[in-house]
>>> print(open('run_30.cif').read())   # mmCIF, C-alpha atoms and all ligand atoms
data_target
loop_
_atom_site.group_PDB
_atom_site.id
_atom_site.type_symbol
_atom_site.label_atom_id
_atom_site.label_comp_id
_atom_site.auth_asym_id
_atom_site.auth_seq_id
_atom_site.Cartn_x
_atom_site.Cartn_y
_atom_site.Cartn_z
ATOM 1 C CA MET G 1 42.247 86.934 -2.470
ATOM 2 C CA VAL G 2 40.755 86.738 -5.910
ATOM 3 C CA ILE G 3 37.823 84.441 -6.694
ATOM 4 C CA THR G 4 38.535 82.363 -9.795
ATOM 5 C CA ASN G 5 35.847 79.699 -9.983
ATOM 6 C CA THR G 6 32.112 79.402 -9.263
ATOM 7 C CA ASN G 7 32.914 76.558 -6.844
ATOM 8 C CA GLU G 8 34.455 79.088 -4.448
ATOM 9 C CA ILE G 9 31.236 81.112 -4.268
ATOM 10 C CA ILE G 10 28.916 78.093 -4.142
ATOM 11 C CA GLY G 11 31.115 76.343 -1.568
ATOM 12 C CA LYS G 12 31.372 79.308 0.769
ATOM 13 C CA ILE G 13 27.617 79.795 0.759
ATOM 14 C CA GLN G 14 27.045 76.095 1.441
ATOM 15 C CA GLU G 15 29.468 76.103 4.362
ATOM 16 C CA ALA G 16 28.078 79.286 5.920
ATOM 17 C CA SER G 17 25.686 79.259 8.860
ATOM 18 C CA HIS G 18 24.414 82.739 7.911
ATOM 19 C CA VAL G 19 24.489 84.503 4.542
ATOM 20 C CA LEU G 20 24.152 88.262 4.199
ATOM 21 C CA VAL G 21 23.530 89.456 0.649
ATOM 22 C CA GLY G 22 24.011 93.069 -0.458
ATOM 23 C CA ILE G 23 22.605 94.061 -3.850
ATOM 24 C CA GLY G 24 23.820 97.263 -5.496
ATOM 25 C CA GLN G 25 23.913 99.403 -8.587
ATOM 26 C CA GLU G 26 24.888 96.664 -11.047
ATOM 27 C CA TRP G 27 21.392 95.205 -10.576
ATOM 28 C CA GLN G 28 19.664 98.429 -11.621
ATOM 29 C CA VAL G 29 17.486 98.389 -14.757
ATOM 30 C CA THR G 30 18.815 101.213 -16.932
ATOM 31 C CA MET G 31 16.622 103.756 -18.690
ATOM 32 C CA ASP G 32 17.837 102.316 -22.011
ATOM 33 C CA GLU G 33 16.529 98.882 -20.997
ATOM 34 C CA MET G 34 13.181 100.398 -20.030
ATOM 35 C CA LEU G 35 12.967 102.215 -23.360
ATOM 36 C CA CYS G 36 13.240 98.859 -25.155
ATOM 37 C CA GLU G 37 9.809 97.993 -23.788
ATOM 38 C CA PRO G 38 7.228 99.295 -26.335
ATOM 39 C CA GLU G 39 4.562 100.445 -23.840
ATOM 40 C CA PHE G 40 7.129 102.305 -21.743
ATOM 41 C CA LEU G 41 8.632 103.884 -24.848
ATOM 42 C CA SER G 42 5.326 105.212 -26.204
ATOM 43 C CA LYS G 43 4.307 106.661 -22.822
ATOM 44 C CA TYR G 44 7.766 108.151 -22.380
ATOM 45 C CA GLN G 45 7.474 109.863 -25.764
ATOM 46 C CA GLU G 46 4.194 111.412 -24.582
ATOM 47 C CA LEU G 47 5.957 112.733 -21.475
ATOM 48 C CA GLU G 48 8.579 114.439 -23.593
ATOM 49 C CA LYS G 49 5.917 116.876 -24.797
ATOM 50 C CA LEU G 50 5.463 118.162 -21.239
ATOM 51 C CA ASP G 51 7.530 120.722 -19.373
ATOM 52 C CA GLU G 52 10.560 119.336 -17.549
ATOM 53 C CA GLU G 53 9.092 119.509 -14.060
ATOM 54 C CA THR G 54 5.865 117.741 -14.992
ATOM 55 C CA LYS G 55 7.811 115.183 -17.014
ATOM 56 C CA GLN G 56 10.052 114.365 -14.060
ATOM 57 C CA TYR G 57 7.035 114.052 -11.785
ATOM 58 C CA GLN G 58 5.084 111.802 -14.147
ATOM 59 C CA LEU G 59 8.090 109.627 -14.942
ATOM 60 C CA GLN G 60 7.932 107.913 -11.547
ATOM 61 C CA PHE G 61 4.488 106.524 -12.436
ATOM 62 C CA LEU G 62 5.868 105.063 -15.688
ATOM 63 C CA ILE G 63 8.780 103.514 -13.824
ATOM 64 C CA SER G 64 6.401 102.050 -11.260
ATOM 65 C CA ASP G 65 4.323 100.429 -14.026
ATOM 66 C CA TYR G 66 7.474 99.136 -15.706
ATOM 67 C CA TYR G 67 8.696 97.417 -12.544
ATOM 68 C CA GLU G 68 5.276 95.947 -11.917
ATOM 69 C CA LYS G 69 4.992 94.411 -15.373
ATOM 70 C CA ASN G 70 8.564 93.761 -16.502
ATOM 71 C CA MET G 71 11.843 92.292 -15.447
ATOM 72 C CA PRO G 72 14.723 91.974 -17.930
ATOM 73 C CA ASP G 73 15.473 88.287 -18.675
ATOM 74 C CA ARG G 74 19.063 88.578 -17.512
ATOM 75 C CA LEU G 75 18.021 89.913 -14.110
ATOM 76 C CA ARG G 76 15.266 87.314 -13.788
ATOM 77 C CA GLU G 77 17.795 84.577 -14.351
ATOM 78 C CA ALA G 78 20.222 86.081 -11.847
ATOM 79 C CA TYR G 79 17.545 86.369 -9.155
ATOM 80 C CA ASN G 80 16.503 82.769 -9.824
ATOM 81 C CA VAL G 81 20.067 81.514 -9.407
ATOM 82 C CA LEU G 82 20.435 83.606 -6.250
ATOM 83 C CA LYS G 83 17.298 81.948 -4.835
ATOM 84 C CA GLU G 84 18.770 78.531 -5.527
ATOM 85 C CA LEU G 85 22.121 79.455 -4.034
ATOM 86 C CA LEU G 86 20.466 80.653 -0.836
ATOM 87 C CA GLY G 87 17.994 77.765 -0.670
ATOM 88 C CA GLU G 88 17.110 77.040 2.938
ATOM 89 C CA LYS G 89 20.016 79.025 4.331
ATOM 90 C CA ASN G 90 19.537 81.495 7.152
ATOM 91 C CA TYR G 91 19.906 84.653 5.082
ATOM 92 C CA PHE G 92 19.155 88.347 4.983
ATOM 93 C CA ILE G 93 19.180 90.500 1.847
ATOM 94 C CA VAL G 94 19.817 94.249 1.826
ATOM 95 C CA THR G 95 19.182 95.872 -1.533
ATOM 96 C CA LEU G 96 19.798 99.375 -2.816
ATOM 97 C CA MET G 97 17.266 98.719 -5.557
ATOM 98 C CA THR G 98 13.845 100.375 -5.570
ATOM 99 C CA ASP G 99 12.324 97.948 -8.109
ATOM 100 C CA ASP G 100 10.968 95.555 -5.446
ATOM 101 C CA TYR G 101 12.139 92.545 -7.478
ATOM 102 C CA ILE G 102 13.394 91.107 -4.213
ATOM 103 C CA SER G 103 9.780 90.639 -3.096
ATOM 104 C CA GLN G 104 9.144 88.066 -5.819
ATOM 105 C CA ASP G 105 8.082 84.530 -4.938
ATOM 106 C CA GLY G 106 10.839 82.360 -3.598
ATOM 107 C CA PHE G 107 12.554 84.959 -1.454
ATOM 108 C CA ARG G 108 11.644 85.284 2.216
ATOM 109 C CA ARG G 109 10.261 88.811 2.284
ATOM 110 C CA GLU G 110 10.612 89.022 6.046
ATOM 111 C CA ASN G 111 14.361 88.628 5.507
ATOM 112 C CA THR G 112 14.809 91.427 3.002
ATOM 113 C CA VAL G 113 15.107 95.165 3.383
ATOM 114 C CA ALA G 114 15.170 97.927 0.760
ATOM 115 C CA PRO G 115 16.375 101.098 2.504
ATOM 116 C CA CYS G 116 16.088 103.168 -0.678
ATOM 117 C CA GLY G 117 12.351 102.492 -0.811
ATOM 118 C CA ASN G 118 10.161 101.294 -3.650
ATOM 119 C CA PHE G 119 7.714 102.217 -6.394
ATOM 120 C CA LYS G 120 4.717 100.493 -4.781
ATOM 121 C CA GLN G 121 3.747 102.806 -1.947
ATOM 122 C CA LEU G 122 3.285 106.564 -2.058
ATOM 123 C CA GLN G 123 4.007 109.276 0.465
ATOM 124 C CA CYS G 124 3.463 113.008 0.779
ATOM 125 C CA GLY G 125 6.339 114.669 -1.099
ATOM 126 C CA GLN G 126 6.870 116.994 1.833
ATOM 127 C CA ASN G 127 6.524 114.140 4.321
ATOM 128 C CA CYS G 128 3.917 116.122 6.298
ATOM 129 C CA SER G 129 2.583 112.874 7.756
ATOM 130 C CA GLU G 130 4.071 109.412 7.859
ATOM 131 C CA ILE G 131 1.096 107.871 6.068
ATOM 132 C CA LEU G 132 1.973 105.521 3.200
ATOM 133 C CA ILE G 133 -0.584 104.692 0.521
ATOM 134 C CA ASP G 134 -0.470 101.513 -1.508
ATOM 135 C CA LYS G 135 -0.396 102.156 -5.251
ATOM 136 C CA LYS G 136 -3.488 99.976 -5.706
ATOM 137 C CA GLU G 137 -5.463 102.066 -3.223
ATOM 138 C CA LEU G 138 -4.475 105.402 -4.701
ATOM 139 C CA GLN G 139 -7.451 107.693 -5.350
ATOM 140 C CA SER G 140 -5.739 110.982 -6.002
ATOM 141 C CA ASN G 141 -2.186 112.188 -6.527
ATOM 142 C CA THR G 142 -2.422 114.727 -3.740
ATOM 143 C CA CYS G 143 -1.809 114.415 -0.025
ATOM 144 C CA GLN G 144 -5.043 114.265 1.964
ATOM 145 C CA ASN G 145 -3.372 116.120 4.796
ATOM 146 C CA CYS G 146 -1.609 119.084 3.149
ATOM 147 C CA GLY G 147 -2.772 118.923 -0.474
ATOM 148 C CA GLY G 148 0.805 118.580 -1.780
ATOM 149 C CA ALA G 149 1.843 116.153 -4.485
ATOM 150 C CA LEU G 150 2.296 112.472 -3.663
ATOM 151 C CA TYR G 151 5.504 110.714 -4.624
ATOM 152 C CA TYR G 152 6.605 107.137 -4.497
ATOM 153 C CA ASN G 153 8.152 106.230 -1.175
ATOM 154 C CA ASN G 154 11.805 106.176 -2.135
ATOM 155 C CA ILE G 155 14.981 108.225 -2.017
ATOM 156 C CA TYR G 156 13.886 110.201 -5.087
ATOM 157 C CA ALA G 157 10.983 111.794 -3.172
ATOM 158 C CA PRO G 158 11.633 115.449 -2.185
ATOM 159 C CA LYS G 159 11.567 114.468 1.510
ATOM 160 C CA TYR G 160 11.949 110.716 1.865
ATOM 161 C CA ASN G 161 9.716 109.093 4.484
ATOM 162 C CA GLU G 162 11.950 106.404 5.947
ATOM 163 C CA GLN G 163 9.165 104.747 7.919
ATOM 164 C CA GLY G 164 8.540 102.580 4.859
ATOM 165 C CA TYR G 165 11.624 100.465 5.484
ATOM 166 C CA LEU G 166 12.673 101.124 9.093
ATOM 167 C CA PRO G 167 10.700 98.237 10.671
ATOM 168 C CA GLN G 168 12.511 95.816 8.334
ATOM 169 C CA TRP G 169 15.802 97.554 9.047
ATOM 170 C CA GLU G 170 15.289 96.827 12.745
ATOM 171 C CA ARG G 171 14.728 93.162 11.890
ATOM 172 C CA TYR G 172 17.956 93.221 9.900
ATOM 173 C CA MET G 173 19.892 94.738 12.815
ATOM 174 C CA LYS G 174 18.559 92.019 15.146
ATOM 175 C CA TRP G 175 19.443 89.332 12.615
ATOM 176 C CA LEU G 176 22.939 90.771 12.290
ATOM 177 C CA GLN G 177 23.403 90.710 16.070
ATOM 178 C CA GLY G 178 22.686 86.986 15.878
ATOM 179 C CA THR G 179 25.622 86.446 13.503
ATOM 180 C CA VAL G 180 28.313 87.442 15.999
ATOM 181 C CA ASN G 181 30.962 84.702 16.090
ATOM 182 C CA LYS G 182 28.964 82.702 13.544
ATOM 183 C CA ASN G 183 30.220 81.493 10.203
ATOM 184 C CA LEU G 184 28.816 84.459 8.293
ATOM 185 C CA VAL G 185 29.360 84.881 4.557
ATOM 186 C CA MET G 186 28.648 88.307 3.091
ATOM 187 C CA LEU G 187 27.947 88.254 -0.620
ATOM 188 C CA GLU G 188 28.263 91.814 -1.885
ATOM 189 C CA LEU G 189 26.915 92.095 -5.418
ATOM 190 C CA GLY G 190 27.651 95.134 -7.547
ATOM 191 C CA VAL G 191 27.591 97.671 -4.741
ATOM 192 C CA GLY G 192 29.363 100.862 -5.824
ATOM 193 C CA LEU G 193 30.762 103.749 -3.841
ATOM 194 C CA GLU G 194 27.539 105.712 -4.001
ATOM 195 C CA LEU G 195 25.483 105.084 -0.840
ATOM 196 C CA ALA G 196 28.490 103.173 0.533
ATOM 197 C CA SER G 197 27.284 103.770 4.089
ATOM 198 C CA VAL G 198 24.278 101.482 3.553
ATOM 199 C CA ILE G 199 25.989 98.221 2.502
ATOM 200 C CA ARG G 200 29.639 98.550 1.542
ATOM 201 C CA TRP G 201 31.165 100.114 4.668
ATOM 202 C CA PRO G 202 28.991 98.245 7.181
ATOM 203 C CA PHE G 203 29.954 94.926 5.509
ATOM 204 C CA GLU G 204 33.644 95.841 5.894
ATOM 205 C CA LYS G 205 33.029 96.753 9.512
ATOM 206 C CA THR G 206 31.278 93.437 10.168
ATOM 207 C CA LEU G 207 34.230 91.634 8.575
ATOM 208 C CA THR G 208 36.547 93.376 11.026
ATOM 209 C CA TYR G 209 34.452 92.643 14.092
ATOM 210 C CA ASN G 210 33.400 89.075 13.305
ATOM 211 C CA GLN G 211 36.604 87.061 13.030
ATOM 212 C CA LYS G 212 34.735 84.136 11.464
ATOM 213 C CA ALA G 213 33.052 86.247 8.783
ATOM 214 C CA GLN G 214 34.043 86.247 5.126
ATOM 215 C CA LEU G 215 33.294 88.866 2.501
ATOM 216 C CA LEU G 216 32.840 88.095 -1.192
ATOM 217 C CA ARG G 217 32.944 91.398 -3.072
ATOM 218 C CA ILE G 218 31.925 91.059 -6.706
ATOM 219 C CA ASN G 219 31.968 94.222 -8.774
ATOM 220 C CA GLU G 220 33.072 95.063 -12.290
ATOM 221 C CA THR G 221 34.458 98.470 -11.308
ATOM 222 C CA PHE G 222 34.865 98.698 -7.536
ATOM 223 C CA SER G 223 35.982 95.293 -6.263
ATOM 224 C CA MET G 224 38.908 96.601 -4.223
ATOM 225 C CA LEU G 225 39.121 95.581 -0.574
ATOM 226 C CA PRO G 226 40.715 97.524 2.282
ATOM 227 C CA GLU G 227 44.326 96.397 2.808
ATOM 228 C CA ASN G 228 43.931 94.671 6.158
ATOM 229 C CA MET G 229 41.163 92.359 4.892
ATOM 230 C CA SER G 230 43.141 90.042 2.668
ATOM 231 C CA GLU G 231 42.619 86.877 4.703
ATOM 232 C CA ARG G 232 38.847 86.759 4.877
ATOM 233 C CA GLY G 233 38.096 89.158 2.060
ATOM 234 C CA PHE G 234 37.616 87.783 -1.454
ATOM 235 C CA ARG G 235 37.127 89.835 -4.570
ATOM 236 C CA LEU G 236 36.182 89.435 -8.172
ATOM 237 C CA GLN G 237 36.387 92.218 -10.750
ATOM 238 C CA LYS G 238 33.429 91.118 -12.876
ATOM 239 C CA ASP G 239 29.822 92.142 -13.327
ATOM 240 C CA SER G 240 27.999 90.585 -10.391
ATOM 241 C CA VAL G 241 24.839 89.774 -12.370
ATOM 242 C CA ASP G 242 26.892 87.726 -14.866
ATOM 243 C CA VAL G 243 28.803 86.038 -12.040
ATOM 244 C CA ILE G 244 25.632 84.970 -10.222
ATOM 245 C CA ILE G 245 24.209 83.589 -13.479
ATOM 246 C CA ALA G 246 27.466 81.654 -13.944
ATOM 247 C CA CYS G 247 26.946 80.149 -10.474
ATOM 248 C CA LYS G 248 24.082 78.136 -11.978
ATOM 249 C CA ASN G 249 26.865 75.660 -12.745
ATOM 250 C CA ALA G 250 29.672 74.338 -10.594
ATOM 251 C CA ASP G 251 33.301 74.521 -11.658
ATOM 252 C CA ILE G 252 33.049 77.439 -14.081
ATOM 253 C CA SER G 253 36.158 79.608 -14.427
ATOM 254 C CA LEU G 254 35.537 83.258 -13.644
HETATM 255 ZN ZN ZN G 301 1.255 116.228 2.913
#
>>> encode(input="run_30.cif", output="structure tokens")
Amino acid sequence: MVITNTNEIIGKIQEASHVLVGIGQEWQVTMDEMLCEPEFLSKYQELEKLDEETKQYQLQFLISDYYEKNMPDRLREAYNVLKELLGEKNYFIVTLMTDDYISQDGFRRENTVAPCGNFKQLQCGQNCSEILIDKKELQSNTCQNCGGALYYNNIYAPKYNEQGYLPQWERYMKWLQGTVNKNLVMLELGVGLELASVIRWPFEKTLTYNQKAQLLRINETFSMLPENMSERGFRLQKDSVDVIIACKNADISL
């Protein structure tokens, strides 16, 4: 079924006993957006003088600083509306984003997981030990164990150290077990086909297993649902950030 009005999204969340939110690629800050920020732009121009390998390595530190200091207004508004929509609901949020915006005030951090990592903690690029170092406590860019380069603890590291998110992932799995036969609403926001095994496919699987669950798939490009999910699957072929912002108001046509 196709979602046509903000009331359908707001209403389903209100009626749910559990809400599972999946945040995907449509919520990613693009490089063009980052380049609009003057400090990022001037540092980026400095990087362009370096060789490609060094540039790519140094870029992660610029991105980390960007995320720490900036959030595009449109995304800020969308996250704020999402907070209001979720309110006191029993929710869990899985995000593909590495920007850590989901850790902002107002979200329950213990009920969020970012399996792609973040730009706040660093790891050995070769993952020689599972030690993670907070950005604020960083003293050198080399691993104390093997002397190799440190990278931010995310999927872009040469060998990703998954210990950064696995404890939260276990919490998520336990939470999900508690939704069996409950009135679960899955709000899938802008999740593409890339990394589909993290959010997209598991949400479909949960929809199949939990006969009371409903899936709201909002995506400008990939909103299609598998054929056998028409009854409890709802879709909307629109940018999910815009749709969530529209949910600030009831009874808006989508
Ligand atoms: Zn190392």
>>> atom_distance(input="run_30.cif", atom1="atom CA of G:Asn7", atom2="atom CA of G:Val191")
21.9 Å
>>> residues_near_ligand(input="run_30.cif", ligand="ligand ZN 301 (chain G)", cutoff="6 Å", atoms="all atoms listed in the file", output="PyMOL selection string")
chain G and resi 124+126-128+143+145-148
>>> closest_residue(input="run_30.cif", among="G:Met173, G:Leu132, G:Ile63, G:Met224", to="G:Leu193", atoms="only C-alpha atoms")
G:Met224
>>> residues_around(input="run_30.cif", residues="G:Ile245", least_positions_apart="4", cutoff="9 Å", atoms="only C-alpha atoms", output="ChimeraX atom specification")
/G:74-75,77-82,240-241,249
>>> resolve_selection(input="run_30.cif", expression="the PyMOL selection byres (((chain G and resi 180) around 12) and not hetatm)", output="MDAnalysis selection string")
chainID G and resid 17:18 173:179 181:185 206:213
>>> closest_residue(input="run_30.cif", among="G:Ile252, G:Ala16, G:Ile9, G:Leu59", to="G:Met31", atoms="all atoms listed in the file")
G:Leu59
>>> residues_near_point(input="run_30.cif", point="(37.5, 87.5, -8.3)", cutoff="8 Å", atoms="all atoms listed in the file", output="list in words")
Met1, Val2, Ile3, Thr4, Arg217, Ile218, Phe234, Arg235, Leu236, Gln237, Lys238 and Leu254 of chain G
>>> resolve_selection(input="run_30.cif", expression="the PyMOL selection byres (((chain G and resi 93-110) around 10) and not hetatm)", output="VMD selection string")
chain G and resid 19 to 29 63 to 64 66 to 68 70 to 71 75 to 76 79 to 80 82 to 84 86 to 88 91 to 92 111 to 120 152 to 156 168 to 169 171 to 172 186 to 189 191 195 198 to 199
>>> atom_distance(input="run_30.cif", atom1="atom CA of G:Tyr160", atom2="atom CA of G:Glu37")
28.7 Å
>>> closest_residue(input="run_30.cif", among="G:Thr142, G:Lys12, G:Ile131, G:Thr30", to="G:Lys89", atoms="only C-alpha atoms")
G:Lys12
>>> atom_distance(input="run_30.cif", atom1="atom CA of G:Trp201", atom2="atom CA of G:Glu220")
17.8 Å
